[in-house]
Each structure stands twice: as C-alpha cells, then as structure tokens.
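Have a look at the structure below before the remarks.
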Amino acid sequence: MTIAAETHGLSVVWQDLEVAPAELRLDPTLICGQAFRWKSTGPNEWTCAIFGHVVDLKQTDTSVLFRSLGRLPSASETNEDLKLLLWDYFQLRVSLQVLCNQWSKVDPEFKGLARTQIGVRILRQPIVENLFTFIASSNNNIKRITMLVDKLCSRYGQTIETSKGIFFTFPSVQTIAQDPEVEQTMKELGFGYRAKYYAKTVERLALLGDAYLENLRHVSVEIARAELMKLSGVGPKVADCVLLMSLDKADAVPVDTHIWQVAQKRYVGRLAGSGNNLEGMQLPPDKKEQIQKLARQLGSFKSPSTKAYELAQALIVTLFSPYAGWAQGMLFSDDLVDSVGSTATKPKAKPKQVSIKRKAEKQPAPPKQECKDEPVAKRMGLRPRPTGTTFN
C-alpha cells in the first residue's frame, strides 16, 4: 500500500535537533555498519523511513537538523514528538564527550580518538529491524546487507511517497507472518540459505507476541543473550549487536576481525608485560592483574579464533565498562578509517566481514536508569535516561 505524504501537525521546515557535532556526526554514525537503511539524499543529508515517518536529517557546522517529509496516519503528529524519538534513537542523553574523558583516563589514546572519531555514537534502533538486519550480516558486507534489507522492506513494508521519492517502512513481525510462504519469498528476494532463518524466527516471534523482545531490555545481559540465541540465525555476534544497539546493554561488545586486530594492535604490547610500563595507561588497581593476564593470553594468538575473540571481548569490557560497547564502536570506526580511508569520502567502503562463533564473556549490566518526562516517555515507549553521563 502506498501512502501519500502527510504532514498534518508537522512543519516541513528544518527543525533543530539541538546537538553539537562533538556529540553526533551523521556521516560516520550512519554508515559504519550499525544501520543499513539511511540513504544519502543531498549534501550532508540522510533520509530514512522510520517511526512511521520519512525522516530527513541534515548535518550543519553547529547541529543536526530534522524534518518529516511524510508519515503514516498512525505516526506521531508533532515535531516535538519526532524530536523525542530521534533523541532516543541517537541516545543523545548520553554524553559522548563525558565518556571519552572517562576512557582517556584509562587509555590516553582516546584523546586522539575523540578528535578523529568525533560524534560517532551507538544507535538505539527498533529491535525487530536491528535483529532482522543482523541475521543477514553473517558472511556478508555492507553493500549487500543494504540491498537485502531494502528488498525486504519493499516486499513487506508500507511505502510513503515524498518529494525525495518513495521510501519503505520496516515491516512488523505480524505483517511478515501473514505470508504463508515466508521462506520461499525470502529466497526469491535473494536471502539464500538465510531464508529459513527468517521463516523460523518470524514464526517464533509471532507466537511469543510483541512484548517479548521489548521485555529483554529489562533483564540481564546473560538472560537477554540466551533468549536471543534461541532464535534461528542468531549466534553470539548477532546477539551482541542487538544487545548493544537495541536492548540498552551498553557493555555488550560485538567482536569481529576488526576488533580482534584492534585489541592486538592497541593493547597487547602495552599491557602484556609484567612491569608497570603501560605507556600512559592507568588501570584500576583492583583490575590491573586481570587486565594484564587477559592481554598476555590474547597475545598468544597470532590468528583469529573463537578463544581469541572471547579474550578480546573480555579485555575491552574490563578496560571500558560500563560503556564498553560504546568504546568498541569508536575503536571500530577508527579501524575502519585506517582500512579504507575517511568514512566521509568513502561511504560505500566494504569492511571485511567474518562469521564469529564464540561463547560470549559474561558482562556487567550498564548503570541503572531513571525516567524523566514520564508521560511522554511512557506514551511513546522511550527508554529511561542513563544517569551519570547526561547533559544538564
């Protein structure tokens, strides 16, 4: 079904998201392998059908601007509502600068990363979209994942016509479940052997109900990971991506060959020795012995393996908890730039992808959260705001 652009209650004039570039830059954040549906539609402009809107974003020298080019009848009706949804999506109540300052006390090299990877954030994506996207990511690359997800949306999603063209919403589980031949449809769309994963996962989620995935936000990392891995096509890495980028588990650290190499290059040489020559790193006294032991163990692996991935994950969590997943995101973006050049000039670069099968390391949960703006937050399903790293 095609929905003509509706903007009742919304101005098509650009609105200010009120976030400095030091806290959010669209270019690296939207193309570094977290999300796959944002399209570059103009100079410094990105567009996507999300939250029932076709959301248009524009990076400026001082902020990020937003507007709705069209919406579904069921979508939020005011610019203020959309602004709250975008603040939640980009997790803007978590201060990236505060986190970088904290990480820099452990590793002084984060001072440089805070400049070169300025504004690279972890997204808080709709759970089903994130889950289904990363099921397609195994043994795949960004360009092909994007193509497959676009086909999925064009087949099952609703279309919204706008001045920038037609955009497709991400379909709900219930919508896909209405197809009696999900596996065959997914094969026709090009998902290959993954088609059966989607068919089984759609069937299971349809039986479990809408609240099942949402409720995983309120349980421990270990329980949430175990539940996700009951779904077809979900291994440890896919589960960790969903934990970090949708389920509020800020200490979840997805590890692939990039992060294994980062841990080897940045930390093994500095930490594996028995002495105190740590090249400026300041380790918590109660964790120093554990961190150095992990570094020595990791240094014994000269090529990727399941155990090597486990050790790299454990090392990053121990160094940068309780927002280790965010630190990993910045390290990954920096490694991607080193591999393919500036993300600003090479948006279509293909980072090397690997299939990771590993037993995930136990990880502490992120700080407990409290809810402000309760009526709006509850009505729109926004998450509570993290304490300790927020803006005033």
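Quick note on naming: the chains in the structure tokens go A, B, ... in the order shown, residues restart at 1 in each chain, and ligands are numbered from 1 in order of appearance.
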
Write out as JSON, numbers by chain each polymer residue whose atoms come within 9 Å of Leu17 in chain A, counting only C-alpha atoms; drop sequence neighbours fewer than 4 positions from it. {"A": [63, 64, 65, 66, 83, 86, 87]}

What does the file look like for those residues with C-alpha atoms, as a short mmCIF file (atom, residue, chain, number, x, y, z; two decimals), in the first residue's frame?
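For reference, result21.cif as written:
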```cif
data_model
loop_
_atom_site.label_atom_id
_atom_site.label_comp_id
_atom_site.auth_asym_id
_atom_site.auth_seq_id
_atom_site.Cartn_x
_atom_site.Cartn_y
_atom_site.Cartn_z
CA SER A 63 23.97 20.98 14.92
CA VAL A 64 21.78 18.40 13.19
CA LEU A 65 18.51 19.46 11.60
CA PHE A 66 15.48 17.23 11.05
CA LYS A 83 12.38 15.16 18.11
CA LEU A 86 15.27 10.98 17.38
CA TRP A 87 16.90 11.89 20.69
#
```

* Per DSSP on the backbone, filter range 16-218 of chain A down to the residues in strand (DSSP E or B) and report them as a ChimeraX atom specification. => /A:16,39-42,45-50,53-59,64-71,159-162,165-168

Hey, can you spit out that residue selection with N, CA and C atoms as a CSV table (one decimal), in the first residue's frame?
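Below is the file that was written, again.csv:
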```
chain,number,residue,atom,x,y,z
A,16,ASP,N,15.6,22.1,14.6
A,16,ASP,CA,16.9,21.9,15.2
A,16,ASP,C,16.8,20.7,16.2
A,39,LYS,N,19.7,6.7,3.6
A,39,LYS,CA,20.1,7.0,2.3
A,39,LYS,C,20.7,8.4,2.2
A,40,SER,N,21.8,8.6,1.6
A,40,SER,CA,22.4,9.9,1.3
A,40,SER,C,21.6,10.5,0.2
A,41,THR,N,20.8,11.6,0.5
A,41,THR,CA,19.9,12.2,-0.4
A,41,THR,C,20.2,13.7,-0.8
A,42,GLY,N,21.4,14.1,-0.4
A,42,GLY,CA,21.8,15.5,-0.7
A,42,GLY,C,23.1,15.8,0.1
A,45,GLU,N,23.0,15.3,3.8
A,45,GLU,CA,21.6,14.9,4.2
A,45,GLU,C,21.4,13.4,4.1
A,46,TRP,N,20.6,12.9,5.0
A,46,TRP,CA,20.3,11.5,5.1
A,46,TRP,C,18.8,11.3,5.4
A,47,THR,N,18.2,10.3,4.7
A,47,THR,CA,16.8,10.1,4.8
A,47,THR,C,16.5,8.6,5.0
A,48,CYS,N,15.4,8.4,5.8
A,48,CYS,CA,15.0,7.0,6.1
A,48,CYS,C,13.6,7.0,6.5
A,49,ALA,N,12.9,5.9,6.2
A,49,ALA,CA,11.5,5.7,6.7
A,49,ALA,C,11.6,5.0,8.1
A,50,ILE,N,11.3,5.7,9.1
A,50,ILE,CA,11.5,5.2,10.5
A,50,ILE,C,10.5,5.9,11.4
A,53,HIS,N,7.5,7.7,9.8
A,53,HIS,CA,7.8,9.0,9.1
A,53,HIS,C,8.9,8.7,8.1
A,54,VAL,N,9.0,9.5,7.1
A,54,VAL,CA,10.2,9.6,6.3
A,54,VAL,C,11.0,10.8,6.9
A,55,VAL,N,12.0,10.4,7.6
A,55,VAL,CA,12.8,11.4,8.4
A,55,VAL,C,13.9,11.9,7.5
A,56,ASP,N,14.1,13.2,7.4
A,56,ASP,CA,15.2,13.8,6.7
A,56,ASP,C,16.1,14.5,7.7
A,57,LEU,N,17.4,14.2,7.7
A,57,LEU,CA,18.4,14.7,8.6
A,57,LEU,C,19.4,15.5,7.8
A,58,LYS,N,19.9,16.6,8.4
A,58,LYS,CA,21.0,17.4,7.7
A,58,LYS,C,22.0,17.8,8.8
A,59,GLN,N,23.2,17.5,8.5
A,59,GLN,CA,24.4,17.9,9.3
A,59,GLN,C,24.8,19.4,9.0
A,64,VAL,N,22.5,19.3,14.1
A,64,VAL,CA,21.8,18.4,13.2
A,64,VAL,C,20.3,18.9,13.1
A,65,LEU,N,19.9,19.0,11.8
A,65,LEU,CA,18.5,19.5,11.6
A,65,LEU,C,17.7,18.3,11.2
A,66,PHE,N,16.4,18.3,11.4
A,66,PHE,CA,15.5,17.2,11.0
A,66,PHE,C,14.1,17.8,10.5
A,67,ARG,N,13.5,16.9,9.8
A,67,ARG,CA,12.1,17.2,9.3
A,67,ARG,C,11.5,15.9,8.9
A,68,SER,N,10.1,15.9,8.8
A,68,SER,CA,9.4,14.8,8.3
A,68,SER,C,8.9,15.2,6.9
A,69,LEU,N,9.3,14.3,5.9
A,69,LEU,CA,8.8,14.5,4.6
A,69,LEU,C,7.5,13.9,4.3
A,70,GLY,N,7.0,13.1,5.2
A,70,GLY,CA,5.7,12.4,5.1
A,70,GLY,C,5.6,11.4,6.2
A,71,ARG,N,4.4,10.9,6.5
A,71,ARG,CA,4.2,10.0,7.6
A,71,ARG,C,3.0,9.1,7.3
A,159,THR,N,4.8,1.9,1.8
A,159,THR,CA,5.5,2.9,1.1
A,159,THR,C,5.0,4.3,1.3
A,160,ILE,N,5.9,5.2,1.4
A,160,ILE,CA,5.5,6.6,1.6
A,160,ILE,C,6.1,7.4,0.5
A,161,GLU,N,5.3,8.1,-0.3
A,161,GLU,CA,5.8,8.9,-1.3
A,161,GLU,C,6.1,10.3,-0.8
A,162,THR,N,7.3,10.8,-1.2
A,162,THR,CA,7.7,12.2,-0.7
A,162,THR,C,8.3,12.9,-1.9
A,165,GLY,N,11.2,11.1,-3.3
A,165,GLY,CA,11.0,9.7,-3.8
A,165,GLY,C,10.2,8.9,-2.9
A,166,ILE,N,10.1,7.6,-3.2
A,166,ILE,CA,9.4,6.6,-2.4
A,166,ILE,C,10.3,5.9,-1.4
A,167,PHE,N,9.8,5.8,-0.1
A,167,PHE,CA,10.6,5.2,0.9
A,167,PHE,C,9.7,4.1,1.6
A,168,PHE,N,10.3,3.0,2.0
A,168,PHE,CA,9.6,1.9,2.6
A,168,PHE,C,9.9,1.8,4.1
```

Just want the 12 Å neighbourhood of Thr185 in chain A, counted on only C-alpha atoms, with same-chain residues fewer than 4 positions away dropped. Output as a PyMOL selection string.
chain A and resi 151-152+155-156+176-181+189-192+194-196+198-199

Selection to disk with C-alpha atoms, as a JSON list (two decimals), in the first residue's frame:
```json
[["chain", "number", "residue", "atom", "x", "y", "z"],
["A", 151, "LYS", "CA", 14.24, -5.76, -0.76],
["A", 152, "LEU", "CA", 12.70, -6.97, 2.49],
["A", 155, "ARG", "CA", 8.22, -6.54, -0.26],
["A", 156, "TYR", "CA", 6.58, -6.31, 3.16],
["A", 176, "ILE", "CA", 5.61, -10.81, 7.56],
["A", 177, "ALA", "CA", 3.84, -13.66, 9.39],
["A", 178, "GLN", "CA", 0.77, -13.14, 7.20],
["A", 179, "ASP", "CA", 2.78, -14.53, 4.29],
["A", 180, "PRO", "CA", 2.20, -18.32, 4.25],
["A", 181, "GLU", "CA", 5.42, -18.79, 2.24],
["A", 189, "LEU", "CA", 14.44, -11.79, -2.58],
["A", 190, "GLY", "CA", 17.99, -13.18, -2.54],
["A", 191, "PHE", "CA", 18.45, -14.22, 1.09],
["A", 192, "GLY", "CA", 19.57, -17.71, 0.10],
["A", 194, "ARG", "CA", 19.22, -17.38, 5.45],
["A", 195, "ALA", "CA", 15.61, -17.62, 4.22],
["A", 196, "LYS", "CA", 14.88, -20.49, 6.57],
["A", 198, "TYR", "CA", 13.76, -15.71, 8.84],
["A", 199, "ALA", "CA", 10.85, -18.11, 8.42]]
```

Closest contacts (range 7-116 of chain A/range 325-336 of chain A, max 8 Å, only C-alpha atoms) as CSV:
```
residue,atom,partner,partner_atom,distance
A:Pro28,CA,A:Ser333,CA,7.5
A:Cys32,CA,A:Ser333,CA,6.4
A:Trp103,CA,A:Ala327,CA,7.7
A:Leu113,CA,A:Asp334,CA,7.4
A:Thr116,CA,A:Asp334,CA,7.7
```

Store the residues picked out above in a file with N, CA and C atoms, as a PDB file, in the first residue's frame.
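So again_39.pdb came out as:
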```pdb
ATOM      1  N   PRO A  28      29.702   9.375   9.835  1.00  0.00           N
ATOM      2  CA  PRO A  28      30.285   8.114  10.310  1.00  0.00           C
ATOM      3  C   PRO A  28      29.303   7.253  11.083  1.00  0.00           C
ATOM      4  N   CYS A  32      28.687   3.239   9.445  1.00  0.00           N
ATOM      5  CA  CYS A  32      29.771   2.415   9.998  1.00  0.00           C
ATOM      6  C   CYS A  32      29.328   0.987  10.291  1.00  0.00           C
ATOM      7  N   TRP A 103      37.184   7.335  29.349  1.00  0.00           N
ATOM      8  CA  TRP A 103      38.035   6.336  28.692  1.00  0.00           C
ATOM      9  C   TRP A 103      39.477   6.823  28.581  1.00  0.00           C
ATOM     10  N   LEU A 113      41.319   9.786  19.612  1.00  0.00           N
ATOM     11  CA  LEU A 113      40.098   9.245  19.007  1.00  0.00           C
ATOM     12  C   LEU A 113      38.936  10.212  19.156  1.00  0.00           C
ATOM     13  N   THR A 116      39.514  12.482  16.127  1.00  0.00           N
ATOM     14  CA  THR A 116      39.392  11.905  14.781  1.00  0.00           C
ATOM     15  C   THR A 116      38.066  11.195  14.572  1.00  0.00           C
TER      16      THR A 116
END
```

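Restricting the calculation to only C-alpha atoms, the smallest distance between Glu279 in chain A and any of A:Pro43, A:Pro108, A:Gly33, A:Pro126 is found for A:Pro108.
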
Point to revise | Sel. of alpha helix (DSSP H) residues, range 154-358 of chain A, as a ChimeraX atom specification | key: /A:154-156,173-177,182-189,195-208,211-215,221-228,236-245,257-263,269-271,288-299,306-320,324-340

Quiz prompt | Contacts of Gln91 in chain A within 9 Å, only C-alpha atoms, excl. fewer than 3 positions in-chain, as a list in words | solution =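 The residues that qualify are Leu86, Trp87, Asp88, Val94, Ser95, Arg121, Ile122, Leu123, Arg124 and Arg385 of chain A.
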
Selected residues, all heavy atoms, written as a tab-separated table (two decimals), in the first residue's frame, please.
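Heads up, here's the output in out.tsv:
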```tsv
chain	number	residue	atom	x	y	z
A	86	LEU	N	13.91	10.91	17.92
A	86	LEU	CA	15.27	10.98	17.38
A	86	LEU	C	16.31	11.10	18.49
A	86	LEU	O	17.40	10.54	18.39
A	86	LEU	CB	15.38	12.15	16.40
A	86	LEU	CG	14.62	11.95	15.08
A	86	LEU	CD1	14.60	13.24	14.27
A	86	LEU	CD2	15.25	10.82	14.26
A	87	TRP	N	15.98	11.83	19.55
A	87	TRP	CA	16.90	11.89	20.69
A	87	TRP	C	17.08	10.49	21.27
A	87	TRP	O	18.18	10.10	21.65
A	87	TRP	CB	16.36	12.86	21.75
A	87	TRP	CG	16.96	14.23	21.63
A	87	TRP	CD1	16.78	15.11	20.61
A	87	TRP	CD2	17.86	14.85	22.55
A	87	TRP	NE1	17.51	16.26	20.84
A	87	TRP	CE2	18.17	16.13	22.03
A	87	TRP	CE3	18.40	14.46	23.77
A	87	TRP	CZ2	19.03	17.01	22.68
A	87	TRP	CZ3	19.26	15.35	24.42
A	87	TRP	CH2	19.57	16.59	23.88
A	88	ASP	N	16.01	9.74	21.35
A	88	ASP	CA	16.10	8.38	21.85
A	88	ASP	C	16.89	7.50	20.89
A	88	ASP	O	17.73	6.70	21.32
A	88	ASP	CB	14.69	7.82	22.04
A	88	ASP	CG	14.68	6.46	22.70
A	88	ASP	OD1	15.07	6.37	23.87
A	88	ASP	OD2	14.29	5.48	22.03
A	94	VAL	N	23.06	10.54	26.56
A	94	VAL	CA	24.37	10.04	26.97
A	94	VAL	C	25.43	10.94	26.35
A	94	VAL	O	25.49	11.08	25.13
A	94	VAL	CB	24.58	8.58	26.52
A	94	VAL	CG1	25.96	8.08	26.94
A	94	VAL	CG2	23.49	7.68	27.08
A	95	SER	N	26.25	11.55	27.17
A	95	SER	CA	27.25	12.47	26.66
A	95	SER	C	28.48	11.72	26.17
A	95	SER	O	29.21	11.10	26.96
A	95	SER	CB	27.67	13.47	27.75
A	95	SER	OG	28.77	14.23	27.32
A	121	ARG	N	28.45	7.70	17.42
A	121	ARG	CA	27.62	7.22	18.52
A	121	ARG	C	27.07	5.82	18.26
A	121	ARG	O	26.99	5.38	17.11
A	121	ARG	CB	26.42	8.15	18.73
A	121	ARG	CG	26.76	9.60	18.97
A	121	ARG	CD	25.51	10.38	19.28
A	121	ARG	NE	24.93	9.98	20.54
A	121	ARG	CZ	25.34	10.46	21.73
A	121	ARG	NH1	26.31	11.36	21.79
A	121	ARG	NH2	24.77	10.04	22.84
A	122	ILE	N	26.65	5.17	19.33
A	122	ILE	CA	25.90	3.92	19.22
A	122	ILE	C	24.42	4.26	19.14
A	122	ILE	O	23.90	5.03	19.95
A	122	ILE	CB	26.16	3.00	20.42
A	122	ILE	CG1	27.64	2.57	20.45
A	122	ILE	CG2	25.25	1.78	20.37
A	122	ILE	CD1	28.08	1.75	19.25
A	123	LEU	N	23.73	3.70	18.16
A	123	LEU	CA	22.31	3.94	17.96
A	123	LEU	C	21.47	3.05	18.89
A	123	LEU	O	21.95	2.01	19.37
A	123	LEU	CB	21.92	3.64	16.51
A	123	LEU	CG	22.66	4.43	15.43
A	123	LEU	CD1	22.26	3.90	14.05
A	123	LEU	CD2	22.38	5.92	15.54
A	124	ARG	N	20.23	3.46	19.10
A	124	ARG	CA	19.24	2.62	19.79
A	124	ARG	C	18.12	2.35	18.79
A	124	ARG	O	17.16	3.07	18.69
A	124	ARG	CB	18.70	3.32	21.02
A	124	ARG	CG	17.79	2.41	21.88
A	124	ARG	CD	17.24	3.19	23.05
A	124	ARG	NE	16.62	2.33	24.02
A	124	ARG	CZ	15.31	2.29	24.27
A	124	ARG	NH1	14.48	3.05	23.57
A	124	ARG	NH2	14.83	1.50	25.20
A	385	ARG	N	16.35	7.51	30.96
A	385	ARG	CA	17.59	8.20	30.65
A	385	ARG	C	18.72	7.72	31.55
A	385	ARG	O	18.54	7.61	32.77
A	385	ARG	CB	17.41	9.71	30.84
A	385	ARG	CG	16.31	10.28	29.95
A	385	ARG	CD	16.13	11.75	30.23
A	385	ARG	NE	15.02	12.26	29.46
A	385	ARG	CZ	14.60	13.52	29.54
A	385	ARG	NH1	15.18	14.36	30.34
A	385	ARG	NH2	13.59	13.93	28.82
```

Among A:Ser74, A:Ser138, A:Ser154, A:Gln264, Ala295 in chain A is approached most closely, using only C-alpha atoms, by A:Gln264

What is the CA of Ala272 in chain A-CA of Trp260 in chain A distance in Å, reported with one decimal?
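Computed distance, CA of Ala272 in chain A to CA of Trp260 in chain A, equals 15.3 Å.
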
What does the structure give for the distance between CA of Ala324 in chain A and CA of Leu231 in chain A, in Å to one decimal?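 Going from CA of Ala324 in chain A over to CA of Leu231 in chain A covers 25.2 Å.
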
Per-residue nearest contacts of range 98-211 of chain A to range 236-252 of chain A (12 Å; only C-alpha atoms) as JSON lines:
```
{"residue": "A:Leu99", "atom": "CA", "partner": "A:Ala250", "partner_atom": "CA", "distance": 11.9}
{"residue": "A:Arg121", "atom": "CA", "partner": "A:Met245", "partner_atom": "CA", "distance": 10.2}
{"residue": "A:Ile122", "atom": "CA", "partner": "A:Met245", "partner_atom": "CA", "distance": 6.5}
{"residue": "A:Leu123", "atom": "CA", "partner": "A:Met245", "partner_atom": "CA", "distance": 5.5}
{"residue": "A:Arg124", "atom": "CA", "partner": "A:Ser246", "partner_atom": "CA", "distance": 4.8}
{"residue": "A:Gln125", "atom": "CA", "partner": "A:Ser246", "partner_atom": "CA", "distance": 5.0}
{"residue": "A:Pro126", "atom": "CA", "partner": "A:Ser246", "partner_atom": "CA", "distance": 6.3}
{"residue": "A:Ile127", "atom": "CA", "partner": "A:Ser246", "partner_atom": "CA", "distance": 5.4}
{"residue": "A:Val128", "atom": "CA", "partner": "A:Ser246", "partner_atom": "CA", "distance": 8.9}
{"residue": "A:Glu129", "atom": "CA", "partner": "A:Ser246", "partner_atom": "CA", "distance": 9.4}
{"residue": "A:Asn130", "atom": "CA", "partner": "A:Val242", "partner_atom": "CA", "distance": 6.3}
{"residue": "A:Leu131", "atom": "CA", "partner": "A:Val242", "partner_atom": "CA", "distance": 6.0}
{"residue": "A:Phe132", "atom": "CA", "partner": "A:Val238", "partner_atom": "CA", "distance": 9.6}
{"residue": "A:Thr133", "atom": "CA", "partner": "A:Val238", "partner_atom": "CA", "distance": 9.3}
{"residue": "A:Phe134", "atom": "CA", "partner": "A:Val238", "partner_atom": "CA", "distance": 5.7}
{"residue": "A:Ile135", "atom": "CA", "partner": "A:Val238", "partner_atom": "CA", "distance": 6.6}
{"residue": "A:Ala136", "atom": "CA", "partner": "A:Val238", "partner_atom": "CA", "distance": 9.4}
{"residue": "A:Ser137", "atom": "CA", "partner": "A:Val238", "partner_atom": "CA", "distance": 8.1}
{"residue": "A:Ser138", "atom": "CA", "partner": "A:Val238", "partner_atom": "CA", "distance": 8.2}
{"residue": "A:Asn139", "atom": "CA", "partner": "A:Val238", "partner_atom": "CA", "distance": 11.7}
```

Grab the CA of Asn215 in chain A to CA of Cys153 in chain A distance for me, in Å with one decimal place.
->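 Distance between the two atoms: 24.9 Å.
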
Min atom-atom distance to Asn141 in chain A from the set A:Val219, A:Tyr197, A:Phe36, A:Val262, counting only C-alpha atoms, belongs to A:Phe36

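Nearest to Ala22 in chain A of all the residues A:Thr318, A:Thr62, A:Gln174, A:Ser163 is A:Thr62, counting only C-alpha atoms.
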
Inset, instruction - Pick out the residues sitting within 10 Å of Asp107 in chain A, and hand them over as a list in words; count only C-alpha atoms, and ignore anything fewer than 5 positions along from it in its own chain. - result: Cys100, Asn101, Gln102, Arg266, Tyr267, Leu278, Glu279, Gly280, Met281, Gln282, Leu283, Leu319 and Phe320 of chain A

**Study point:** Contact residues around Tyr309 in chain A with only C-alpha atoms at 8 Å, ignoring same-chain residues under 2 positions, as a ChimeraX atom specification
**Key:** /A:255-256,260,304-307,311-313,358

Please produce a file of the residues just selected, as a PDB file, in the first residue's frame, where the atoms kept are all heavy atoms.
```pdb
ATOM      1  N   VAL A 255      32.344  -8.653  18.665  1.00  0.00           N
ATOM      2  CA  VAL A 255      33.744  -8.764  18.242  1.00  0.00           C
ATOM      3  C   VAL A 255      33.809  -9.444  16.884  1.00  0.00           C
ATOM      4  O   VAL A 255      33.186 -10.480  16.664  1.00  0.00           O
ATOM      5  CB  VAL A 255      34.573  -9.562  19.267  1.00  0.00           C
ATOM      6  CG1 VAL A 255      36.002  -9.748  18.763  1.00  0.00           C
ATOM      7  CG2 VAL A 255      34.583  -8.848  20.621  1.00  0.00           C
ATOM      8  N   ASP A 256      34.544  -8.820  15.963  1.00  0.00           N
ATOM      9  CA  ASP A 256      34.854  -9.444  14.680  1.00  0.00           C
ATOM     10  C   ASP A 256      36.340  -9.270  14.441  1.00  0.00           C
ATOM     11  O   ASP A 256      37.099  -8.902  15.346  1.00  0.00           O
ATOM     12  CB  ASP A 256      34.002  -8.856  13.551  1.00  0.00           C
ATOM     13  CG  ASP A 256      34.254  -7.370  13.343  1.00  0.00           C
ATOM     14  OD1 ASP A 256      35.173  -6.809  13.989  1.00  0.00           O
ATOM     15  OD2 ASP A 256      33.539  -6.766  12.532  1.00  0.00           O
ATOM     16  N   TRP A 260      39.251  -7.724  17.028  1.00  0.00           N
ATOM     17  CA  TRP A 260      40.365  -8.578  17.445  1.00  0.00           C
ATOM     18  C   TRP A 260      41.694  -7.928  17.085  1.00  0.00           C
ATOM     19  O   TRP A 260      42.624  -7.876  17.898  1.00  0.00           O
ATOM     20  CB  TRP A 260      40.238  -9.948  16.776  1.00  0.00           C
ATOM     21  CG  TRP A 260      41.429 -10.830  17.032  1.00  0.00           C
ATOM     22  CD1 TRP A 260      41.721 -11.501  18.183  1.00  0.00           C
ATOM     23  CD2 TRP A 260      42.511 -11.089  16.133  1.00  0.00           C
ATOM     24  NE1 TRP A 260      42.912 -12.177  18.052  1.00  0.00           N
ATOM     25  CE2 TRP A 260      43.419 -11.941  16.798  1.00  0.00           C
ATOM     26  CE3 TRP A 260      42.799 -10.700  14.827  1.00  0.00           C
ATOM     27  CZ2 TRP A 260      44.580 -12.406  16.208  1.00  0.00           C
ATOM     28  CZ3 TRP A 260      43.963 -11.169  14.239  1.00  0.00           C
ATOM     29  CH2 TRP A 260      44.837 -12.007  14.913  1.00  0.00           C
ATOM     30  N   PRO A 304      42.917 -15.126  14.195  1.00  0.00           N
ATOM     31  CA  PRO A 304      41.598 -15.140  14.847  1.00  0.00           C
ATOM     32  C   PRO A 304      41.142 -16.560  15.168  1.00  0.00           C
ATOM     33  O   PRO A 304      41.409 -17.503  14.434  1.00  0.00           O
ATOM     34  CB  PRO A 304      40.681 -14.496  13.801  1.00  0.00           C
ATOM     35  CG  PRO A 304      41.587 -13.721  12.904  1.00  0.00           C
ATOM     36  CD  PRO A 304      42.867 -14.495  12.862  1.00  0.00           C
ATOM     37  N   SER A 305      40.443 -16.676  16.276  1.00  0.00           N
ATOM     38  CA  SER A 305      39.840 -17.942  16.673  1.00  0.00           C
ATOM     39  C   SER A 305      38.734 -17.635  17.677  1.00  0.00           C
ATOM     40  O   SER A 305      38.612 -16.505  18.157  1.00  0.00           O
ATOM     41  CB  SER A 305      40.876 -18.869  17.319  1.00  0.00           C
ATOM     42  OG  SER A 305      41.290 -18.339  18.572  1.00  0.00           O
ATOM     43  N   THR A 306      37.946 -18.647  17.981  1.00  0.00           N
ATOM     44  CA  THR A 306      36.868 -18.444  18.946  1.00  0.00           C
ATOM     45  C   THR A 306      37.414 -17.943  20.272  1.00  0.00           C
ATOM     46  O   THR A 306      36.900 -16.980  20.857  1.00  0.00           O
ATOM     47  CB  THR A 306      36.096 -19.759  19.165  1.00  0.00           C
ATOM     48  OG1 THR A 306      35.530 -20.184  17.931  1.00  0.00           O
ATOM     49  CG2 THR A 306      35.002 -19.581  20.200  1.00  0.00           C
ATOM     50  N   LYS A 307      38.457 -18.570  20.771  1.00  0.00           N
ATOM     51  CA  LYS A 307      39.048 -18.160  22.053  1.00  0.00           C
ATOM     52  C   LYS A 307      39.647 -16.766  21.967  1.00  0.00           C
ATOM     53  O   LYS A 307      39.522 -15.967  22.920  1.00  0.00           O
ATOM     54  CB  LYS A 307      40.119 -19.175  22.474  1.00  0.00           C
ATOM     55  CG  LYS A 307      40.739 -18.870  23.832  1.00  0.00           C
ATOM     56  CD  LYS A 307      39.712 -18.920  24.948  1.00  0.00           C
ATOM     57  CE  LYS A 307      40.358 -18.713  26.319  1.00  0.00           C
ATOM     58  NZ  LYS A 307      39.353 -18.712  27.417  1.00  0.00           N
ATOM     59  N   LEU A 311      38.673 -13.510  24.327  1.00  0.00           N
ATOM     60  CA  LEU A 311      39.644 -12.750  25.101  1.00  0.00           C
ATOM     61  C   LEU A 311      39.624 -11.271  24.734  1.00  0.00           C
ATOM     62  O   LEU A 311      39.715 -10.400  25.609  1.00  0.00           O
ATOM     63  CB  LEU A 311      41.050 -13.330  24.889  1.00  0.00           C
ATOM     64  CG  LEU A 311      41.291 -14.716  25.492  1.00  0.00           C
ATOM     65  CD1 LEU A 311      42.605 -15.305  24.976  1.00  0.00           C
ATOM     66  CD2 LEU A 311      41.311 -14.633  27.024  1.00  0.00           C
ATOM     67  N   ALA A 312      39.502 -10.965  23.444  1.00  0.00           N
ATOM     68  CA  ALA A 312      39.424  -9.573  23.014  1.00  0.00           C
ATOM     69  C   ALA A 312      38.187  -8.899  23.604  1.00  0.00           C
ATOM     70  O   ALA A 312      38.236  -7.752  24.069  1.00  0.00           O
ATOM     71  CB  ALA A 312      39.399  -9.491  21.490  1.00  0.00           C
ATOM     72  N   GLN A 313      37.085  -9.606  23.583  1.00  0.00           N
ATOM     73  CA  GLN A 313      35.846  -9.075  24.157  1.00  0.00           C
ATOM     74  C   GLN A 313      36.015  -8.820  25.650  1.00  0.00           C
ATOM     75  O   GLN A 313      35.663  -7.735  26.159  1.00  0.00           O
ATOM     76  CB  GLN A 313      34.710 -10.069  23.917  1.00  0.00           C
ATOM     77  CG  GLN A 313      33.351  -9.591  24.399  1.00  0.00           C
ATOM     78  CD  GLN A 313      32.275 -10.649  24.200  1.00  0.00           C
ATOM     79  OE1 GLN A 313      32.387 -11.757  24.735  1.00  0.00           O
ATOM     80  NE2 GLN A 313      31.259 -10.318  23.425  1.00  0.00           N
ATOM     81  N   ARG A 358      31.353 -17.852  19.019  1.00  0.00           N
ATOM     82  CA  ARG A 358      32.120 -17.833  20.243  1.00  0.00           C
ATOM     83  C   ARG A 358      31.185 -17.845  21.430  1.00  0.00           C
ATOM     84  O   ARG A 358      30.052 -17.420  21.346  1.00  0.00           O
ATOM     85  CB  ARG A 358      32.994 -16.580  20.325  1.00  0.00           C
ATOM     86  CG  ARG A 358      32.180 -15.310  20.412  1.00  0.00           C
ATOM     87  CD  ARG A 358      33.076 -14.095  20.349  1.00  0.00           C
ATOM     88  NE  ARG A 358      32.353 -12.915  20.724  1.00  0.00           N
ATOM     89  CZ  ARG A 358      31.438 -12.312  19.983  1.00  0.00           C
ATOM     90  NH1 ARG A 358      31.123 -12.794  18.805  1.00  0.00           N
ATOM     91  NH2 ARG A 358      30.820 -11.240  20.420  1.00  0.00           N
TER      92      ARG A 358
END
```
